[in-house]
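Worksheet: one structure, shown below.
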Amino acid sequence: MTNREWYERACRSLVGGVNSPVRAWGAVGGTPRFFLRGRGAVLEDAEGREVLDYVCSWGPLILGHACPEVVRAVGEAAGRSTSFGAPCPGEVELAEAVKRRFPSIEKIRFVSSGTEATMTALRLMRGVTGREWIVKFAGNYHGHSDSLLVAAGSGALTFGVPTSPGIPASVAEKTLVLPYNDPEAAEDLFARLGKDIAGVVVEPWAGNMGLVPPAPGFLETLRDLTARHGALLAFDEVITGFRVPEGGVQQRIGLTPDLTCLGKVVGGGMPVGALGGGAELMDRLAPLGPVYQAGTLSGNPVSMACGLATLEVLERPGTYETLEARGRQLEEGLLDAARSAGLPLSVTRLGSVLGLFFSPRVPASLEEVKATRGDLYPAFFHGMMDRGHAFAPSAFEALFVSSAHTEEQIASTVRGAAEVFRTLAPQGPGKEGRS
């Protein structure tokens, strides 16, 4: 069957033909590809066409597809049982592996997704402080739970408004939305409402509007404000956690949040999320504390084995050095190709995660991201796909490099991008930005 035939068949049984909206290619147009298998950095679709993968399952596949050590660990775990619904050694071992990387984490609660991790973080912050209001930032995505699927309202105090039907206004109003990278706005909000704020949740590098780095002093201001006003600070490192050799962004910059939300790489491609923090705070969760959270498949033995095998391979000497080198090669190659084509382009990078913006400078906020030439992205996406290179089907998503990508594969991607950039470029020399 062709991709189109699979998609038409899927539309008769699945909502929109997909199980997550961005997979429908609505932002770029065309028919989604249905993939049959992956090996290393290469995917094969239903029509037998191969592409180099820079989506990596939206980040988890930091070792590439079907890494032998991971496949072996998953097979062995599944052979013992796919689920116990009871404690298993794997969840203890994975928790210990995470703690070795994140000194801010003394205890962990495993869940089944990043969405569930952030949802639990909010409940814990509210339950511990006895306050109701949460602060988030425009352009940060923390999953689709009611309290976080919220955009900034028009009022001076930025009371949230639902971004989807089905979310009660009374729930959204308990979420306060501020501009990302605006410490002054955060200071003003806490000066007025600090005693009522339970906590702040933030992506330390915003990975869902491209990849936007924090401005100097922004995260430090959030840490200071929450500490002074008795609120809690949660870092959503679902995307950034394990993408650098340090324990996430927090270790790289030397800043300690109260809570850390993890996902993606920690599950190695299986549905895993995690919430971690200091022991005293985490012990407020059931069964030790009054804040309830539960999940039948939390700590699933197959998922734990997948995540643990992934982290063990990452700990091998040279793995992160390879990831850093490949990420830098793609970053510099794309910038050079755009410059040669006379196309304004900015690229941000955190280890092996990259953001690409059709703009002469790196944006710092959602409004600045929206002001870039995102209208060029669909043509770029299809041009790259036609040349055998799969980028995210949305201009607002990050790119991911795996340790399975080779120098020649990335060089091939850069050559393909150079061709596509020439078809997009206006007259005159381009400028590029870097972060």
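Residues are referred to by chain and number: the chain letter is A, B, ... according to the order shown in the structure tokens, the number counts from 1 in that chain, and ligands are numbered separately from 1 in the order shown.
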
Output as JSON lines one row per residue of range 225-319 of chain A within 12 Å of range 176-199 of chain A: the closest atom pair and its distance in Å to one decimal place, counting only C-alpha atoms, sorted by chain and residue number ascending.
```
{"residue": "A:Leu225", "atom": "CA", "partner": "A:Phe190", "partner_atom": "CA", "distance": 7.0}
{"residue": "A:Thr226", "atom": "CA", "partner": "A:Gly199", "partner_atom": "CA", "distance": 7.0}
{"residue": "A:Ala227", "atom": "CA", "partner": "A:Gly199", "partner_atom": "CA", "distance": 9.9}
{"residue": "A:Arg228", "atom": "CA", "partner": "A:Gly194", "partner_atom": "CA", "distance": 8.9}
{"residue": "A:His229", "atom": "CA", "partner": "A:Gly194", "partner_atom": "CA", "distance": 5.6}
{"residue": "A:Gly230", "atom": "CA", "partner": "A:Lys195", "partner_atom": "CA", "distance": 7.5}
{"residue": "A:Ala231", "atom": "CA", "partner": "A:Gly199", "partner_atom": "CA", "distance": 4.8}
{"residue": "A:Leu232", "atom": "CA", "partner": "A:Gly199", "partner_atom": "CA", "distance": 4.3}
{"residue": "A:Leu233", "atom": "CA", "partner": "A:Gly199", "partner_atom": "CA", "distance": 5.6}
{"residue": "A:Ala234", "atom": "CA", "partner": "A:Gly199", "partner_atom": "CA", "distance": 7.4}
{"residue": "A:Phe235", "atom": "CA", "partner": "A:Gly199", "partner_atom": "CA", "distance": 10.8}
{"residue": "A:Pro257", "atom": "CA", "partner": "A:Gly199", "partner_atom": "CA", "distance": 10.9}
{"residue": "A:Asp258", "atom": "CA", "partner": "A:Gly199", "partner_atom": "CA", "distance": 9.6}
{"residue": "A:Leu259", "atom": "CA", "partner": "A:Gly199", "partner_atom": "CA", "distance": 10.1}
```

Problem set entry | Residue contacts of range 240-250 of chain A (10 Å, only C-alpha atoms) excluding same-chain residues fewer than 4 positions away, as number ranges by chain | A: 59-60, 62, 98-104, 203-207, 219, 235-236, 254-257, 260-266, 311, 314-315, 319-321, 323-324, 350-353, 400-402

For this session: Go through A:Ala411, A:Pro290, A:Pro68, A:Ala379 and flag the residue nearest Ala309 in chain A, using only C-alpha atoms for the distances.
Result: A:Pro68

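For the atom pair formed by CA of Val302 in chain A and CA of Ser83 in chain A, the distance is 7.4 Å, given to one decimal.
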
For this session: From the DSSP assignment of the backbone, select every residue of range 197-366 of chain A that is helix (DSSP H, G or I), and format the answer as a VMD selection string.
Result: chain A and resid 218 to 228 248 to 253 264 to 267 279 to 282 301 to 314 319 to 341 366

For this session: Identify all residues of range 372-431 of chain A in strand (DSSP E or B) (DSSP on the backbone) and supply them as a VMD selection string.
Result: chain A and resid 389 to 390 399 to 400

For this session: Find the residue from A:Val202, A:Val212, A:Ala279, A:Leu36 that sits nearest to Arg361 in chain A; use only C-alpha atoms when measuring.
Result: A:Val212

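Between Gly17 in chain A and the candidates A:Gly388, A:Pro32, A:Gly38, A:Gly127, the tightest atom-to-atom separation, counting only C-alpha atoms, involves A:Pro32.
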
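Remark: for Gly40 in chain A, the closest of the candidate residues A:Ser303, A:Thr423, A:Ser403, A:Ser113 is A:Ser403 (distances computed over only C-alpha atoms).
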
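Of the residues listed (A:Pro393, A:Ala27, A:Thr406, A:Phe35), A:Phe35 shows the shortest atom-to-atom separation from Met1 in chain A; distances use only C-alpha atoms.
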
For this session: Rounded to one decimal place, report the CA of Ala395 in chain A-CA of Thr372 in chain A distance in Å.
Result: 10.0 Å

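Here the question is which of A:Phe391, A:Phe110, A:Phe381, A:Phe218 gets nearest to Leu94 in chain A using only C-alpha atoms, and that residue is A:Phe110.
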
For this session: Please measure the separation of CA of His65 in chain A and CA of Glu50 in chain A, giving the value in Å to one decimal.
Result: 13.2 Å

Neighbours of Glu69 in chain A within 9 Å (only C-alpha atoms; same-chain residues fewer than 3 positions away dropped), as a CSV table (one decimal) with N, CA, C and O atoms, in the first residue's frame?
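See around.csv below for the written result:
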```
chain,number,residue,atom,x,y,z
A,66,ALA,N,16.4,1.3,16.7
A,66,ALA,CA,16.8,-0.1,16.9
A,66,ALA,C,18.2,-0.3,17.3
A,66,ALA,O,18.9,-1.1,16.8
A,72,ARG,N,17.9,-5.4,22.6
A,72,ARG,CA,18.1,-6.6,23.4
A,72,ARG,C,17.5,-6.5,24.8
A,72,ARG,O,16.9,-7.4,25.3
A,73,ALA,N,17.7,-5.3,25.5
A,73,ALA,CA,17.2,-5.2,26.8
A,73,ALA,C,15.6,-5.2,26.8
A,73,ALA,O,15.0,-5.8,27.7
A,74,VAL,N,15.0,-4.6,25.8
A,74,VAL,CA,13.6,-4.6,25.7
A,74,VAL,C,13.0,-6.0,25.5
A,74,VAL,O,12.1,-6.4,26.1
A,309,ALA,N,18.8,1.0,29.5
A,309,ALA,CA,19.7,0.6,28.5
A,309,ALA,C,20.2,1.8,27.7
A,309,ALA,O,21.4,2.0,27.4
A,310,THR,N,19.3,2.7,27.4
A,310,THR,CA,19.6,4.0,26.7
A,310,THR,C,20.6,4.8,27.6
A,310,THR,O,21.7,5.3,27.0
A,313,VAL,N,24.2,3.3,27.6
A,313,VAL,CA,25.0,3.5,26.4
A,313,VAL,C,25.4,5.0,26.4
A,313,VAL,O,26.6,5.2,26.0
```

For this session: For Ala121 in chain A, list every protein, DNA or RNA residue within 7 Å, evaluated using only C-alpha atoms, and leave out those in the same chain fewer than 4 positions away; present the list as a list in words.
Result: Ala117, Met125 and Leu275 of chain A
